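Visitor: Sending over input23.tsv (TSV, C-alpha atoms and all ligand atoms).
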chain	number	residue	atom	x	y	z
W	9	MET	CA	0.93	2.61	21.56
W	10	ARG	CA	3.28	1.42	18.82
W	11	ILE	CA	4.18	3.34	15.65
W	12	GLY	CA	5.49	1.96	12.35
W	13	ILE	CA	6.66	3.39	9.04
W	14	GLY	CA	6.52	1.81	5.60
W	15	TYR	CA	8.01	2.83	2.27
W	16	ASP	CA	7.65	1.18	-1.13
W	17	SER	CA	8.22	1.97	-4.79
W	18	HIS	CA	7.43	0.18	-8.05
W	19	ARG	CA	8.41	0.83	-11.63
W	20	PHE	CA	5.85	1.60	-14.37
W	21	MET	CA	5.30	-1.04	-17.04
W	22	GLU	CA	2.99	-1.15	-20.03
W	23	GLY	CA	0.27	-3.76	-20.24
W	24	ARG	CA	-0.55	-3.95	-16.54
W	25	LYS	CA	-3.44	-2.51	-14.56
W	26	LEU	CA	-2.63	0.28	-12.13
W	27	ILE	CA	-3.84	-0.72	-8.66
W	28	LEU	CA	-3.35	1.77	-5.82
W	29	GLY	CA	-4.86	1.24	-2.39
W	30	GLY	CA	-6.96	-1.60	-3.78
W	31	VAL	CA	-8.51	0.63	-6.46
W	32	GLU	CA	-8.01	0.19	-10.21
W	33	ILE	CA	-7.05	3.60	-11.59
W	34	PRO	CA	-7.32	4.30	-15.32
W	35	HIS	CA	-3.82	5.00	-16.66
W	36	THR	CA	-1.68	4.18	-19.68
W	37	MET	CA	0.61	1.98	-17.54
W	38	GLY	CA	0.55	-0.21	-14.45
W	39	LEU	CA	3.33	-1.14	-12.03
W	40	THR	CA	5.70	-4.11	-12.18
W	41	GLY	CA	5.75	-6.60	-9.35
W	42	HIS	CA	5.09	-10.15	-8.31
W	43	SER	CA	1.70	-9.40	-6.76
W	44	ASP	CA	-0.64	-6.72	-8.14
W	45	ALA	CA	2.19	-4.24	-7.32
W	46	ASP	CA	-0.08	-2.08	-5.16
W	47	VAL	CA	2.59	0.24	-3.80
W	48	VAL	CA	0.17	1.90	-1.37
W	49	ALA	CA	-1.03	-1.36	0.19
W	50	HIS	CA	2.60	-2.55	0.45
W	51	ALA	CA	3.73	0.59	2.31
W	52	VAL	CA	0.80	0.28	4.74
W	53	THR	CA	1.52	-3.44	5.29
W	54	ASP	CA	5.16	-2.69	6.14
W	55	ALA	CA	4.06	0.07	8.54
W	56	VAL	CA	1.63	-2.31	10.29
W	57	LEU	CA	4.27	-5.04	10.56
W	58	GLY	CA	6.91	-2.50	11.61
W	59	ALA	CA	4.71	-1.17	14.42
W	60	ALA	CA	4.25	-4.71	15.72
W	61	GLY	CA	7.96	-5.53	15.33
W	62	MET	CA	6.98	-8.39	13.03
W	63	GLY	CA	9.35	-7.93	10.09
W	64	ASP	CA	8.15	-6.90	6.65
W	65	ILE	CA	5.90	-7.86	3.76
W	66	GLY	CA	8.70	-9.63	1.87
W	67	ALA	CA	9.35	-11.99	4.78
W	68	MET	CA	5.67	-12.72	5.37
W	69	PHE	CA	4.73	-13.17	1.69
W	70	PRO	CA	7.96	-14.12	-0.16
W	71	ASP	CA	7.94	-13.37	-3.90
W	72	THR	CA	9.51	-16.80	-4.46
W	73	ASP	CA	6.22	-18.34	-3.34
W	74	PRO	CA	3.92	-18.88	-6.36
W	75	GLN	CA	0.79	-18.57	-4.21
W	76	TRP	CA	1.36	-14.78	-4.00
W	77	GLN	CA	1.73	-14.31	-7.78
W	78	ASN	CA	-0.79	-11.62	-8.84
W	79	ALA	CA	-2.19	-11.69	-5.31
W	80	SER	CA	-4.42	-8.83	-4.21
W	81	SER	CA	-2.22	-6.70	-1.96
W	82	ILE	CA	-5.27	-5.47	-0.04
W	83	TYR	CA	-5.93	-9.12	0.78
W	84	LEU	CA	-2.28	-9.50	1.91
W	85	LEU	CA	-2.63	-6.37	4.07
W	86	ASN	CA	-5.70	-7.88	5.71
W	87	ARG	CA	-3.87	-11.19	6.32
W	88	ALA	CA	-0.84	-9.41	7.78
W	89	TYR	CA	-3.07	-7.31	10.04
W	90	LEU	CA	-5.00	-10.34	11.31
W	91	GLN	CA	-1.67	-11.95	12.21
W	92	VAL	CA	-0.60	-8.83	14.08
W	93	VAL	CA	-3.87	-8.83	16.05
W	94	GLU	CA	-3.47	-12.49	16.90
W	95	THR	CA	0.28	-12.61	17.59
W	96	ALA	CA	1.07	-9.17	19.00
W	97	ARG	CA	-2.40	-8.41	20.46
W	98	LEU	CA	-2.39	-4.96	18.89
W	99	ASP	CA	-5.27	-3.13	17.16
W	100	PHE	CA	-5.15	-0.55	14.39
W	101	VAL	CA	-5.62	3.09	15.44
W	102	ASN	CA	-4.88	5.18	12.33
W	103	ALA	CA	-2.76	5.49	9.21
W	104	ASP	CA	-1.42	8.47	7.32
W	105	ILE	CA	-0.24	7.79	3.77
W	106	THR	CA	1.52	9.89	1.12
W	107	VAL	CA	1.51	8.71	-2.50
W	108	LEU	CA	4.30	10.15	-4.67
W	109	ALA	CA	3.41	10.15	-8.35
W	110	GLU	CA	3.91	12.62	-11.18
W	111	GLN	CA	1.06	10.92	-13.06
W	112	PRO	CA	-1.79	10.05	-12.70
W	113	MET	CA	-3.49	12.47	-10.31
W	114	ILE	CA	-5.07	10.31	-7.62
W	115	ALA	CA	-7.39	12.88	-6.02
W	116	LEU	CA	-10.53	11.39	-7.61
W	117	TYR	CA	-9.77	7.96	-6.14
W	118	VAL	CA	-8.62	8.88	-2.64
W	119	GLU	CA	-11.99	8.24	-0.95
W	120	GLU	CA	-12.29	4.78	-2.45
W	121	MET	CA	-8.68	3.94	-1.52
W	122	ARG	CA	-9.29	5.06	2.07
W	123	GLU	CA	-12.34	2.79	2.19
W	124	LYS	CA	-10.46	-0.27	0.89
W	125	ILE	CA	-7.54	0.19	3.27
W	126	ALA	CA	-9.82	0.87	6.26
W	127	GLU	CA	-11.78	-2.27	5.41
W	128	ALA	CA	-8.59	-4.39	5.32
W	129	LEU	CA	-7.71	-3.03	8.77
W	130	LEU	CA	-11.23	-3.64	10.14
W	131	SER	CA	-11.60	0.09	10.70
W	132	GLY	CA	-13.41	3.18	9.42
W	133	ILE	CA	-12.48	5.62	6.66
W	134	SER	CA	-11.91	8.45	9.17
W	135	ASN	CA	-8.87	6.53	10.48
W	136	VAL	CA	-7.12	6.39	7.10
W	137	SER	CA	-5.67	9.51	5.50
W	138	ILE	CA	-4.24	9.52	1.96
W	139	LYS	CA	-2.51	12.44	0.28
W	140	GLY	CA	-1.18	12.62	-3.25
W	141	LYS	CA	1.97	14.56	-4.12
W	142	THR	CA	4.03	15.04	-7.25
W	143	ASN	CA	7.81	15.18	-6.92
W	144	GLU	CA	8.06	18.53	-8.74
W	145	LYS	CA	9.55	16.71	-11.76
W	146	MET	CA	12.65	15.67	-9.75
W	147	GLY	CA	14.21	12.22	-9.62
W	148	PHE	CA	12.67	8.91	-10.69
W	149	ILE	CA	9.19	9.93	-9.59
W	150	GLY	CA	9.50	13.22	-11.42
W	151	ARG	CA	10.61	11.49	-14.63
W	152	GLY	CA	7.51	9.29	-14.42
W	153	GLU	CA	9.48	6.05	-13.99
W	154	GLY	CA	7.34	4.80	-11.14
W	155	ILE	CA	5.28	5.49	-8.05
W	156	ALA	CA	6.32	5.50	-4.37
W	157	ALA	CA	4.30	5.53	-1.16
W	158	ILE	CA	5.10	6.30	2.48
W	159	ALA	CA	2.83	5.21	5.33
W	160	VAL	CA	2.78	5.73	9.07
W	161	VAL	CA	0.58	3.45	11.17
W	162	LEU	CA	-0.30	3.59	14.85
W	163	LEU	CA	-1.34	0.45	16.75
W	164	GLU	CA	-2.43	0.10	20.37
K	1	ZN	ZN	5.76	-3.38	-3.26
As a first step, turn the structure in this file into structure tokens.

Guide:
Amino acid sequence: MRIGIGYDSHRFMEGRKLILGGVEIPHTMGLTGHSDADVVAHAVTDAVLGAAGMGDIGAMFPDTDPQWQNASSIYLLNRAYLQVVETARLDFVNADITVLAEQPMIALYVEEMREKIAEALLSGISNVSIKGKTNEKMGFIGRGEGIAAIAVVLLE
């Protein structure tokens, strides 16, 4: 068994779609970033790579490489996972994810996000847990400057 942790944060920006866990969520702002800025998918990808001891998302998909511009982060998660399976001979067991956002409330979209992430990891929805939290109006999350996500992933 191997465990990995991933953390990511992105700043809000007007005029972009908000994509979390592969799901487009209606909101007044999206997140800045080179890819689709899916903070949830990025945290899970780093946890998967961390568990395998295979570096991080920035090393595998450098933001200097134009082929990843506006890339679907769920697609990148799937690619990273397939490389872990092939190189490290490890399979996904489960993930537990916390999304930190003052706005929007993600509860309505959690099921769909679990489905998308499970699919990218060739697994079932029961192996992916997602919880939404506010930051009680404290810090950059609390001021609504951006969204952060923390993920723990187990591989075997
Ligand atoms: Zn990111």

Visitor: Taking all atoms listed in the file into account, which residues are within 10 Å of ligand ZN 1 (chain K), as a count of residues only?

Guide: 25

Visitor: Given all atoms listed in the file as the basis, pick out the residue of W:Lys25, W:Arg97, W:Lys141, W:Lys124 nearest to Leu163 (chain W).

Guide: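 Ranked by minimum distance to Leu163 (chain W), first place goes to W:Arg97.
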
Visitor: CA of Ala96 (chain W) and CA of Glu120 (chain W), how far apart in Å?

Guide: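 Spanning CA of Glu120 (chain W) to CA of Ala96 (chain W) is a straight-line distance of 28.9 Å.
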
Visitor: Figure out the distance between CA of Glu32 (chain W) and CA of Pro112 (chain W), please, to one decimal in Å.

Guide: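 Separation between CA of Pro112 (chain W) and CA of Glu32 (chain W): 11.9 Å.
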
Visitor: For Ile27 (chain W), which residue among W:Ile155, W:Glu164, W:Pro74, W:Phe148 is the nearest when counting all atoms listed in the file?

Guide: W:Ile155

Visitor: Separation of CA of Thr95 (chain W) and CA of Leu57 (chain W), in Å?

Guide: 11.1 Å

Visitor: Point out the residue among W:Met146, W:Ile13, W:Leu28, W:Met62 with the least atom-to-atom distance to Glu110 (chain W), counting only C-alpha atoms.

Guide: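 Looking at the shortest contact to Glu110 (chain W), the residue is W:Met146.
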
Visitor: Which residue is closest to Met9 (chain W)? Choose from W:Ala60, W:Leu130, W:Ala67, W:Asn86 and count all atoms listed in the file.

Guide: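 Comparing W:Ala60, W:Leu130, W:Ala67, W:Asn86 against Met9 (chain W), the winner is W:Ala60.
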
Visitor: From the list W:Ala128, W:Val31, W:Val101, W:Ala159, which residue is nearest Arg10 (chain W) when using all atoms listed in the file?

Guide: W:Val101

Visitor: Please provide as an MDAnalysis selection string all residues within 8 Å of Ile125 (chain W), with the sequence filter that same-chain residues fewer than 6 positions apart are discarded (counting all atoms listed in the file).

Guide: chainID W and resid 29:30 49 82 136

Visitor: With only C-alpha atoms as the atoms that count, which of W:Ser80, W:Thr142, W:Gln75, W:Asn135 lies nearest to Thr106 (chain W)?

Guide: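 Going through W:Ser80, W:Thr142, W:Gln75, W:Asn135 one by one, the smallest distance to Thr106 (chain W) is for W:Thr142.
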
Visitor: Show me, as a VMD selection string, the residues that have an atom within 9 Å of Val118 (chain W) when counting only C-alpha atoms, minus same-chain residues fewer than 5 positions from it.

Guide: chain W and resid 29 123 137 to 140
